[in-house]
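Colleague: Below: one structure in structure tokens.
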Amino acid sequence: MISHTINQFLFFTIFTTFLCLSSCEDDIPNKYSTILGPNNDKLPTQDEAIQLFQLWKKEHGRVYNDLALMSKKFGIFLSNLRIITNANRERKSSDDILLGLTDFADMSSKDFQESYLYDIDMSSNTMKPQDDDQLQSVSIPRSWDWRLHGAVTEVRDQIRPCKSCWAMSAVGAIEGITAIKTKILNPLSVQELLDCDKHSFGCDGGFVSNAYDWVIKKKGMTDEHDYPYTARKGPTCKASLFPKRANIYSYYGVKGYENDMLTATYQQPISSCLYVVPEDFQHYIRGIYDGRNCPEDPKLANHCMLIVGYDTALNQDFWIVKNSWGKTWGADGYMFIKRNNGRQYGVCGINAWASYPYKL
């Protein structure tokens, strides 16, 4: 099994075998399964872990500047392998959450949390209450996916350490309702919100409601092409330089009951802020997440996402959720989160702080 002692000779071996491994291994995902097993639950030997590390570095384009850094990263990689294989041994069905080697496999849980998540007390949020007239009772189909109906743009990547999920979630919701109303799907500017929303904190986090308020106050926002994403808060707001491409007139929070969430999602893609458990989300590659490690406090949140649909598999109901960590994370950038799980606020509080913009 994997040794807990990593010495320089081991890493010299890694370094000198790199050329062969770089050129000889072509089917990287399949090689992962060969070593870790089809369910990613087999803890590799030390030699296998070295091979996995090289394959993973090749797949994700990771290059380290010196031996000391590579040694540190390999130690973290080993720790994450233990987390992944131990968690996967607890899977009860083929649709349960499956962890694997994502782009974050050389990041510690602490580093991941500091780079992508931010704690926020949602009790200070200014979200407007649900307008029941906007969620009228309609016949809801068994499944729905806004990606199939032209209302969801490509998956974005926040790019560490910019914690811009609040803006990406809000923009995704605005893109969705705009596409539904105008039949035109156009990527809108996340950067505009980072630079211009003075009530939020740019790459240090913010409220989705503040983003909505800014768009309403300024009577619209521009698109991604005119005001591209830089993964950092700019020194000045450039909103006045570009034409407005989309507008909303109001926004509402969803009460949090499953039926209200379902109706809202069938109506349009909706934003949701929840409490992410770093180890679970960091290594997620597919399957339905049941939130077994989530806290119950609905006032807590540390990440915002976009619910774009819902479905059922093997008698498990789930949300289809768009994330903002790039397409190499999860199921091509998406996650499936269990719904109807019996908790008042759903998995990780996903029902507690959902919202949607309103457009005439």
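Residue numbering restarts at 1 in every chain; chains get A, B, ... in the order shown in the structure tokens, and ligands count up from 1 in that same order.
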Near Gly330 of chain A, within 12 Å and counting only C-alpha atoms, which residues show up once chain neighbours fewer than 3 positions away are dropped, as number ranges by chain?

Modeller: A: 97-104, 155, 280-289, 320-327, 333-337

Colleague: Could you find all residues in segment 161-204 of chain A that DSSP calls helix (DSSP H, G or I) from the backbone, and write them as a list in words?

Modeller: Cys165, Trp166, Ala167, Met168, Ser169, Ala170, Val171, Gly172, Ala173, Ile174, Glu175, Gly176, Ile177, Thr178, Ala179, Ile180, Lys181, Thr182, Val190, Gln191, Glu192, Leu193, Leu194, Asp195, Cys196, Gly202, Cys203 and Asp204 of chain A

Colleague: Would you mind exporting the chosen residues as an mmCIF file, in the first residue's frame, restricted to N, CA and C atoms?

Modeller:
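result.cif, written as the output of this step:
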```cif
data_model
loop_
_atom_site.group_PDB
_atom_site.id
_atom_site.type_symbol
_atom_site.label_atom_id
_atom_site.label_comp_id
_atom_site.auth_asym_id
_atom_site.auth_seq_id
_atom_site.Cartn_x
_atom_site.Cartn_y
_atom_site.Cartn_z
ATOM 1 N N CYS A 165 -18.708 33.049 -7.989
ATOM 2 C CA CYS A 165 -19.880 32.207 -8.225
ATOM 3 C C CYS A 165 -21.186 32.982 -8.104
ATOM 4 N N TRP A 166 -21.258 33.950 -7.180
ATOM 5 C CA TRP A 166 -22.471 34.742 -6.991
ATOM 6 C C TRP A 166 -22.863 35.474 -8.273
ATOM 7 N N ALA A 167 -21.850 36.031 -8.962
ATOM 8 C CA ALA A 167 -22.114 36.749 -10.210
ATOM 9 C C ALA A 167 -22.449 35.775 -11.339
ATOM 10 N N MET A 168 -21.745 34.636 -11.394
ATOM 11 C CA MET A 168 -22.006 33.664 -12.447
ATOM 12 C C MET A 168 -23.384 33.035 -12.308
ATOM 13 N N SER A 169 -23.798 32.796 -11.069
ATOM 14 C CA SER A 169 -25.123 32.245 -10.827
ATOM 15 C C SER A 169 -26.210 33.237 -11.231
ATOM 16 N N ALA A 170 -26.043 34.496 -10.840
ATOM 17 C CA ALA A 170 -27.013 35.537 -11.199
ATOM 18 C C ALA A 170 -27.074 35.738 -12.711
ATOM 19 N N VAL A 171 -25.910 35.813 -13.349
ATOM 20 C CA VAL A 171 -25.857 35.998 -14.791
ATOM 21 C C VAL A 171 -26.513 34.817 -15.503
ATOM 22 N N GLY A 172 -26.262 33.596 -15.023
ATOM 23 C CA GLY A 172 -26.889 32.424 -15.632
ATOM 24 C C GLY A 172 -28.401 32.488 -15.579
ATOM 25 N N ALA A 173 -28.944 32.950 -14.452
ATOM 26 C CA ALA A 173 -30.393 33.081 -14.322
ATOM 27 C C ALA A 173 -30.936 34.162 -15.257
ATOM 28 N N ILE A 174 -30.213 35.271 -15.383
ATOM 29 C CA ILE A 174 -30.641 36.348 -16.283
ATOM 30 C C ILE A 174 -30.544 35.903 -17.740
ATOM 31 N N GLU A 175 -29.474 35.188 -18.093
ATOM 32 C CA GLU A 175 -29.346 34.646 -19.445
ATOM 33 C C GLU A 175 -30.514 33.728 -19.764
ATOM 34 N N GLY A 176 -30.900 32.921 -18.792
ATOM 35 C CA GLY A 176 -31.978 31.965 -19.009
ATOM 36 C C GLY A 176 -33.302 32.617 -19.283
ATOM 37 N N ILE A 177 -33.736 33.545 -18.421
ATOM 38 C CA ILE A 177 -35.045 34.175 -18.630
ATOM 39 C C ILE A 177 -35.034 35.056 -19.877
ATOM 40 N N THR A 178 -33.887 35.663 -20.193
ATOM 41 C CA THR A 178 -33.783 36.468 -21.409
ATOM 42 C C THR A 178 -33.946 35.591 -22.647
ATOM 43 N N ALA A 179 -33.318 34.420 -22.645
ATOM 44 C CA ALA A 179 -33.439 33.499 -23.781
ATOM 45 C C ALA A 179 -34.874 32.995 -23.926
ATOM 46 N N ILE A 180 -35.529 32.723 -22.816
ATOM 47 C CA ILE A 180 -36.910 32.238 -22.863
ATOM 48 C C ILE A 180 -37.841 33.301 -23.431
ATOM 49 N N LYS A 181 -37.629 34.551 -23.041
ATOM 50 C CA LYS A 181 -38.517 35.636 -23.473
ATOM 51 C C LYS A 181 -38.205 36.121 -24.885
ATOM 52 N N THR A 182 -36.929 36.118 -25.275
ATOM 53 C CA THR A 182 -36.555 36.709 -26.569
ATOM 54 C C THR A 182 -36.198 35.667 -27.621
ATOM 55 N N VAL A 190 -20.176 38.613 -16.788
ATOM 56 C CA VAL A 190 -19.921 38.423 -15.368
ATOM 57 C C VAL A 190 -18.978 39.512 -14.855
ATOM 58 N N GLN A 191 -18.015 39.875 -15.688
ATOM 59 C CA GLN A 191 -17.018 40.874 -15.287
ATOM 60 C C GLN A 191 -17.654 42.211 -14.950
ATOM 61 N N GLU A 192 -18.710 42.564 -15.647
ATOM 62 C CA GLU A 192 -19.403 43.826 -15.381
ATOM 63 C C GLU A 192 -19.893 43.873 -13.938
ATOM 64 N N LEU A 193 -20.420 42.774 -13.446
ATOM 65 C CA LEU A 193 -20.879 42.728 -12.065
ATOM 66 C C LEU A 193 -19.712 42.778 -11.092
ATOM 67 N N LEU A 194 -18.633 42.080 -11.403
ATOM 68 C CA LEU A 194 -17.457 42.116 -10.521
ATOM 69 C C LEU A 194 -16.931 43.533 -10.362
ATOM 70 N N ASP A 195 -16.869 44.273 -11.464
ATOM 71 C CA ASP A 195 -16.300 45.621 -11.445
ATOM 72 C C ASP A 195 -17.264 46.673 -10.915
ATOM 73 N N CYS A 196 -18.559 46.472 -11.139
ATOM 74 C CA CYS A 196 -19.504 47.576 -10.956
ATOM 75 C C CYS A 196 -20.442 47.461 -9.765
ATOM 76 N N GLY A 202 -16.666 41.631 -5.446
ATOM 77 C CA GLY A 202 -15.899 41.153 -6.586
ATOM 78 C C GLY A 202 -15.493 39.705 -6.448
ATOM 79 N N CYS A 203 -14.192 39.439 -6.480
ATOM 80 C CA CYS A 203 -13.664 38.076 -6.380
ATOM 81 C C CYS A 203 -13.629 37.560 -4.950
ATOM 82 N N ASP A 204 -14.099 38.346 -3.996
ATOM 83 C CA ASP A 204 -14.166 37.905 -2.610
ATOM 84 C C ASP A 204 -15.584 37.513 -2.201
#
```

Colleague: With a distance cut-off of 12 Å and only C-alpha atoms, select the neighbouring residues of segment 41-43 of chain A, excluding the residue or stretch itself and same-chain residues fewer than 5 positions from it, and output the selection as a PyMOL selection string.

Modeller: chain A and resi 1-3+32-36+48-49+52+78-91+98-101

Colleague: Neighbours of segment 208-220 of chain A within 8 Å (only C-alpha atoms; same-chain residues fewer than 5 positions away dropped), as a list in words?

Modeller: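 The contact residues come out as Asn125, Thr126, Met127, Trp166, Ala167, Ser169, Ala170, Leu193, Asp197, His199, Ser200, Lys244, Arg245, Ala246, Asn247, Ile248, Tyr249, Ser250, Tyr251, Ser271 and Pro357 of chain A.
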
Colleague: So that I can check the surroundings of Val277 of chain A, please list as an NGL selection string every protein, DNA and RNA residue that reaches within 9 Å of it, counting only C-alpha atoms and ignoring chain neighbours fewer than 6 positions away.

Modeller: :A and (291 or 293-295 or 348)

Colleague: What's the separation between atom CA of Val152 of chain A and atom CA of Asn186 of chain A, in Å to one decimal place?

Modeller: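 Calculated distance between atom CA of Val152 of chain A and atom CA of Asn186 of chain A is 9.1 Å.
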
Colleague: Take atom CA of Glu59 of chain A and atom CA of Thr328 of chain A and report the distance between them in Å, one decimal.

Modeller: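 Atom-to-atom, atom CA of Glu59 of chain A to atom CA of Thr328 of chain A, that is 10.1 Å.
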
Colleague: Just the residues within 12 Å of Gly342 of chain A, please, counting only C-alpha atoms, with nothing from its chain fewer than 6 positions along; format it as a ChimeraX atom specification.

Modeller: /A:257-258,290-291,296,317,349,351

Colleague: Go through segment 92-177 of chain A and collect every residue that DSSP, computed from the backbone, puts in strand (DSSP E); the answer should be as a VMD selection string.

Modeller: chain A and resid 98 to 99 120 to 121 144 to 145

Colleague: Would you save the residues from that selection as a compact mmCIF listing (two decimals), in the first residue's frame, using N, CA and C atoms?

Modeller:
```txt
# COMPACT_ATOMS: atom_id res chain seq x y z
N LEU A 98 -20.15 9.67 -7.21
CA LEU A 98 -18.85 9.03 -7.45
C LEU A 98 -17.78 10.11 -7.43
N LEU A 99 -16.76 9.91 -6.62
CA LEU A 99 -15.64 10.84 -6.56
C LEU A 99 -14.51 10.33 -7.44
N ILE A 120 -20.75 32.88 4.01
CA ILE A 120 -21.61 34.05 4.01
C ILE A 120 -22.85 33.76 4.85
N ASP A 121 -23.23 34.72 5.69
CA ASP A 121 -24.42 34.59 6.53
C ASP A 121 -25.63 35.06 5.72
N TRP A 144 -37.31 17.79 -16.76
CA TRP A 144 -37.15 19.01 -17.55
C TRP A 144 -35.69 19.42 -17.53
N ASP A 145 -35.20 19.89 -18.67
CA ASP A 145 -33.80 20.29 -18.79
C ASP A 145 -33.72 21.50 -19.71
```
